[in-house]
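S.K.: This is input.csv (CSV, C-alpha atoms and all ligand atoms).
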chain,number,residue,atom,x,y,z
A,647,MET,CA,-21.3,13.1,-18.4
A,648,SER,CA,-21.2,13.7,-14.7
A,649,ASN,CA,-22.2,17.0,-13.1
A,650,ALA,CA,-18.9,17.3,-11.2
A,651,LYS,CA,-18.0,20.8,-10.2
A,652,PRO,CA,-14.8,22.4,-8.9
A,653,ILE,CA,-14.6,22.5,-5.1
A,654,PRO,CA,-14.5,26.2,-4.0
A,655,ALA,CA,-12.0,25.6,-1.1
A,656,PHE,CA,-9.6,23.9,-3.5
A,657,GLU,CA,-9.8,26.7,-6.1
A,658,GLN,CA,-9.2,29.2,-3.2
A,659,PHE,CA,-6.2,27.2,-2.0
A,660,ILE,CA,-4.5,27.6,-5.4
A,661,GLN,CA,-5.3,31.3,-5.5
A,662,ASP,CA,-4.0,31.9,-2.0
A,663,LEU,CA,-0.8,29.9,-2.8
A,664,ARG,CA,-0.2,32.1,-5.9
A,665,THR,CA,-0.6,35.2,-3.7
A,666,ALA,CA,1.9,33.8,-1.1
A,667,TRP,CA,4.4,33.0,-3.9
A,668,ALA,CA,4.1,36.5,-5.2
A,669,GLU,CA,4.4,38.2,-1.8
A,670,LEU,CA,7.1,36.0,-0.2
A,671,LEU,CA,10.4,35.4,-1.9
A,672,ASP,CA,11.9,32.8,0.4
A,673,MET,CA,10.7,29.2,-0.2
A,674,GLU,CA,10.7,28.4,3.6
A,675,ALA,CA,8.4,31.4,4.2
A,676,ARG,CA,6.1,30.4,1.2
A,677,MET,CA,5.8,26.9,2.5
A,678,LYS,CA,5.1,28.0,6.1
A,679,LYS,CA,2.2,30.0,4.7
A,680,GLY,CA,1.3,27.0,2.5
A,681,GLN,CA,1.2,24.9,5.6
A,682,GLN,CA,-1.4,27.3,7.2
A,683,LEU,CA,-3.4,27.3,4.0
A,684,LEU,CA,-3.3,23.5,3.8
A,685,GLU,CA,-4.5,23.3,7.5
A,686,GLN,CA,-7.7,25.1,6.3
A,687,LEU,CA,-8.1,22.9,3.2
A,688,VAL,CA,-7.9,19.6,5.1
A,689,LYS,CA,-10.7,20.7,7.4
A,690,ASP,CA,-13.0,21.4,4.4
A,691,PRO,CA,-16.1,19.1,4.5
A,692,ALA,CA,-16.5,19.2,0.7
A,693,MET,CA,-12.9,18.1,0.2
A,694,ARG,CA,-13.3,15.3,2.7
A,695,GLU,CA,-16.5,14.1,1.1
A,696,ALA,CA,-14.9,14.2,-2.4
A,697,SER,CA,-11.9,12.2,-1.2
A,698,LYS,CA,-14.0,9.2,-0.3
A,699,SER,CA,-14.1,8.3,-4.0
A,700,TRP,CA,-10.4,8.9,-4.8
A,701,PRO,CA,-8.6,5.8,-6.0
A,702,SER,CA,-5.9,4.0,-3.9
A,703,THR,CA,-2.4,5.1,-4.6
A,704,GLU,CA,-0.8,1.8,-3.5
A,705,GLY,CA,2.2,0.8,-5.7
A,706,ARG,CA,4.1,4.1,-5.3
A,707,LYS,CA,1.6,6.4,-6.9
A,708,ASN,CA,0.5,10.0,-6.2
A,709,LEU,CA,-2.6,11.6,-7.6
A,710,LEU,CA,-1.5,14.9,-9.2
A,711,PHE,CA,-4.2,17.5,-8.6
A,712,HIS,CA,-2.4,20.6,-9.8
A,713,GLU,CA,1.0,21.7,-10.9
A,714,ASP,CA,1.2,25.4,-11.1
A,715,PRO,CA,2.5,26.6,-14.5
A,716,GLU,CA,3.7,29.9,-13.1
A,717,CYS,CA,4.7,29.3,-9.5
A,718,GLY,CA,5.9,25.7,-9.9
A,719,PHE,CA,4.3,24.3,-6.7
A,720,ALA,CA,2.5,20.9,-7.0
A,721,ILE,CA,-0.5,19.5,-5.1
A,722,ASN,CA,-0.7,15.7,-4.8
A,723,GLY,CA,-3.1,13.3,-3.1
A,724,VAL,CA,-2.2,10.0,-1.5
A,725,VAL,CA,-4.8,7.3,-0.6
A,726,ARG,CA,-3.4,4.6,1.7
A,727,MET,CA,-5.0,1.3,2.5
A,728,PRO,CA,-5.4,0.3,6.2
A,729,GLY,CA,-2.1,-0.6,8.0
A,730,ARG,CA,0.0,0.5,5.1
A,731,LYS,CA,3.8,0.3,5.9
A,732,GLY,CA,5.6,3.4,4.5
A,733,SER,CA,9.3,3.2,3.4
A,734,ILE,CA,11.9,5.7,4.6
A,735,HIS,CA,12.8,8.5,2.2
A,736,ASP,CA,13.5,12.1,1.6
A,737,HIS,CA,12.1,14.5,-1.0
A,738,ALA,CA,15.4,15.8,-2.3
A,739,HIS,CA,15.6,19.6,-2.3
A,740,ALA,CA,11.9,20.2,-2.2
A,741,TRP,CA,9.8,21.4,0.7
A,742,THR,CA,6.7,19.4,1.5
A,743,ALA,CA,3.6,20.1,3.6
A,744,TYR,CA,1.8,16.9,4.4
A,745,GLY,CA,-1.8,17.2,5.5
A,746,VAL,CA,-4.1,14.4,6.6
A,747,LEU,CA,-7.6,14.8,5.2
A,748,ASP,CA,-9.3,11.6,6.3
A,749,GLY,CA,-8.4,8.8,8.6
A,750,SER,CA,-5.2,8.9,10.6
A,751,GLU,CA,-1.5,8.4,9.8
A,752,SER,CA,1.8,8.7,11.7
A,753,LEU,CA,4.9,10.5,10.5
A,754,GLU,CA,8.2,9.1,11.6
A,755,ARG,CA,11.3,11.4,11.5
A,756,PHE,CA,14.8,10.0,11.4
A,757,ARG,CA,18.2,11.5,12.1
A,758,ARG,CA,21.2,10.3,10.1
A,759,VAL,CA,24.1,9.4,12.4
A,760,ASP,CA,26.9,8.1,10.1
A,761,ASP,CA,29.5,10.4,8.7
A,762,ARG,CA,28.3,10.0,5.1
A,763,SER,CA,31.8,8.8,4.0
A,764,LYS,CA,30.7,5.4,2.8
A,765,GLU,CA,28.9,5.2,-0.6
A,766,GLY,CA,25.4,3.7,-0.3
A,767,TYR,CA,25.6,3.4,3.5
A,768,ALA,CA,23.4,5.2,6.0
A,769,GLU,CA,22.7,4.8,9.7
A,770,LEU,CA,19.5,6.2,11.0
A,771,GLU,CA,18.0,6.9,14.4
A,772,LEU,CA,14.3,7.4,15.0
A,773,GLU,CA,13.9,11.0,16.1
A,774,SER,CA,10.2,11.4,16.6
A,775,VAL,CA,6.8,9.9,15.7
A,776,THR,CA,3.8,12.3,15.3
A,777,GLN,CA,0.3,11.0,15.1
A,778,GLY,CA,-1.6,12.8,12.4
A,779,ASN,CA,-5.4,12.8,12.6
A,780,ALA,CA,-7.6,14.5,10.0
A,781,GLY,CA,-6.7,18.2,10.0
A,782,LYS,CA,-3.0,17.8,10.9
A,783,VAL,CA,-0.3,19.2,8.6
A,784,ASP,CA,3.4,18.5,8.9
A,785,LEU,CA,6.1,20.6,7.2
A,786,VAL,CA,9.0,18.5,6.0
A,787,PRO,CA,12.2,20.5,5.0
A,788,PRO,CA,14.5,19.6,2.1
A,789,PHE,CA,16.3,16.3,2.6
A,790,ASP,CA,14.6,15.5,5.9
A,791,ILE,CA,14.4,11.8,6.3
A,792,HIS,CA,11.0,10.4,7.2
A,793,ALA,CA,8.3,7.8,6.6
A,794,GLU,CA,4.5,8.1,6.5
A,795,GLN,CA,2.7,5.2,8.1
A,796,GLY,CA,-0.9,4.3,7.4
A,797,GLY,CA,-3.4,4.0,10.3
A,798,PRO,CA,-6.0,1.3,11.1
A,799,THR,CA,-8.4,2.6,8.4
A,800,ARG,CA,-8.1,3.9,4.8
A,801,SER,CA,-6.4,7.3,5.0
A,802,VAL,CA,-6.2,10.2,2.6
A,803,ALA,CA,-3.5,13.0,2.6
A,804,ILE,CA,-3.0,16.1,0.5
A,805,ILE,CA,0.6,17.1,-0.2
A,806,LEU,CA,1.8,20.5,-1.1
A,807,ARG,CA,5.3,20.4,-2.7
A,808,SER,CA,7.4,23.5,-3.5
A,809,GLU,CA,7.8,21.7,-6.8
A,810,ARG,CA,7.1,18.3,-8.3
A,811,VAL,CA,10.1,16.0,-7.6
A,812,ALA,CA,8.9,12.8,-9.3
A,813,GLY,CA,10.1,12.6,-12.9
A,814,LYS,CA,12.5,15.5,-12.4
A,815,VAL,CA,15.1,14.6,-9.8
A,816,LEU,CA,15.9,11.4,-7.8
A,817,GLN,CA,15.1,11.3,-4.1
A,818,GLY,CA,16.8,9.4,-1.3
A,819,SER,CA,15.5,5.9,-0.2
A,820,TYR,CA,16.8,4.3,3.1
A,821,ASP,CA,16.7,0.9,4.6
A,822,ARG,CA,17.2,1.2,8.4
A,823,GLU,CA,17.9,-2.5,9.1
A,824,LYS,CA,20.3,-3.0,6.2
A,825,HIS,CA,21.9,0.5,6.6
A,826,THR,CA,21.6,1.2,2.9
A,827,TYR,CA,21.0,4.4,1.0
A,828,ARG,CA,20.1,4.7,-2.7
A,829,GLN,CA,18.5,7.2,-5.0
A,830,ILE,CA,15.3,6.4,-6.6
A,831,ASP,CA,12.5,7.9,-8.8
A,832,GLY,CA,9.6,9.4,-6.9
A,833,PRO,CA,6.1,8.0,-7.1
A,834,VAL,CA,4.3,8.0,-10.4
A,835,ASN,CA,2.1,11.1,-10.7
A,836,ILE,CA,-1.4,10.4,-12.1
A,837,PRO,CA,-3.3,13.5,-13.2
A,838,TYR,CA,-6.6,13.7,-11.3
A,839,GLU,CA,-9.2,16.4,-11.2
A,840,VAL,CA,-10.5,17.6,-7.8
A,841,THR,CA,-14.3,17.9,-8.1
A,842,GLY,CA,-17.3,17.6,-5.8
A,901,FE,FE,7.3,11.7,2.1
As structure tokens, how would this structure be written, given the file I've shared?
M.R.:
Amino acid sequence: MSNAKPIPAFEQFIQDLRTAWAELLDMEARMKKGQQLLEQLVKDPAMREASKSWPSTEGRKNLLFHEDPECGFAINGVVRMPGRKGSIHDHAHAWTAYGVLDGSESLERFRRVDDRSKEGYAELELESVTQGNAGKVDLVPPFDIHAEQGGPTRSVAIILRSERVAGKVLQGSYDREKHTYRQIDGPVNIPYEVTG
């Protein structure tokens, strides 16, 4: 048996999220608070140290650290290999706070410019690219179109979702060159315990 122990900052993060969910009724307000809390979590040295042994999530996987039985929010981890190319997608109706814990990544945001009248067709324009170094947290509203790109080294991110999407509802997937849009299952969630 290992002598792995819970990480205090992670336990506190869950407690503080539960408080925010109880105090704030609007999901946008809850997730803005969640973004601030995640900004603290991704600066925690014990979390960063623990993440060095987390397995790669290549092949459209997410580590599932916690899904709250009462509040419904979900906390995922993503471990990207160097230079990983991310595909363009949305997270359906869920809010997402995306925090870089180790390494660096960039977040590309896209604007949809077609009139949505043609089934399976979408035209996108690149709206912005934000460089995310360790400690940076982005808040992605429902149906916002984006792609997370890996950096030159292995990178690790912690994701707070207003609710788990994968396995519940389909999310949008876009091909910018082929101008296609389709709905797909989210990444496979693999239960994983956060310990130090
Ligand atoms: Fe995403």
S.K.: Hey, which bits of segment 762-836 of chain A sit within 10 Å of segment 657-676 of chain A, and for each residue what's the closest pair of atoms and how far apart in Å (one decimal), counting only C-alpha atoms, rows by chain and increasing number, as CSV?
M.R.:
residue,atom,partner,partner_atom,distance
A:Leu785,CA,A:Glu674,CA,9.7
A:Pro787,CA,A:Glu674,CA,8.2
A:Pro788,CA,A:Glu674,CA,9.7
A:Leu806,CA,A:Leu663,CA,9.9
A:Ser808,CA,A:Met673,CA,7.4
S.K.: Leaving out Asp690 of chain A and any residue of its chain fewer than 4 positions from it, which residues lie within 8 Å of it when counting only C-alpha atoms, given as number ranges by chain?
M.R.: A: 655, 686, 694
S.K.: Could you list the protein, DNA and RNA residues that have any atom within 8 Å of ligand FE 901 (chain A), counting all atoms listed in the file, and write them as a list in words?
M.R.: Ile734, His735, Asp736, His737, Thr742, Tyr744, His792, Ala793 and Glu794 of chain A
S.K.: Nearest to Leu683 of chain A: which of A:Arg828, A:Ala743, A:Lys707, A:Ser763 is it, counting all atoms listed in the file?
M.R.: A:Ala743
S.K.: Report, in Å to a single decimal, how far apart atom CA of Glu685 of chain A and atom CA of Ala780 of chain A are.
M.R.: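 Spanning atom CA of Ala780 of chain A to atom CA of Glu685 of chain A is a straight-line distance of 9.7 Å.
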S.K.: For Ala812 of chain A, which of A:Pro715, A:Pro837, A:Gly832, A:Gly732 is the closest residue, counting all atoms listed in the file?
M.R.: A:Gly832
S.K.: Restricting the calculation to all atoms listed in the file: of A:Gly778, A:Gly842, A:Pro798, A:Gly680, which residue gets closest to Pro728 of chain A?
M.R.: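 Ranking A:Gly778, A:Gly842, A:Pro798, A:Gly680 by distance to Pro728 of chain A, first place goes to A:Pro798.
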S.K.: Rank nothing, just name the residue among A:Asn649, A:Ser750, A:Gln829, A:Ser819 nearest to Gly797 of chain A, using only C-alpha atoms.
M.R.: A:Ser750
S.K.: Counting only C-alpha atoms, what is within 9 Å of Arg726 of chain A, bar same-chain residues fewer than 3 positions away, as JSON, numbers by chain?
M.R.: {"A": [702, 703, 704, 729, 730, 795, 796, 797, 799, 800, 801, 802, 803]}
S.K.: Enter the distance from atom CA of Ile830 of chain A to atom CA of Ile804 of chain A, in Å, rounded to one decimal.
M.R.: 21.9 Å
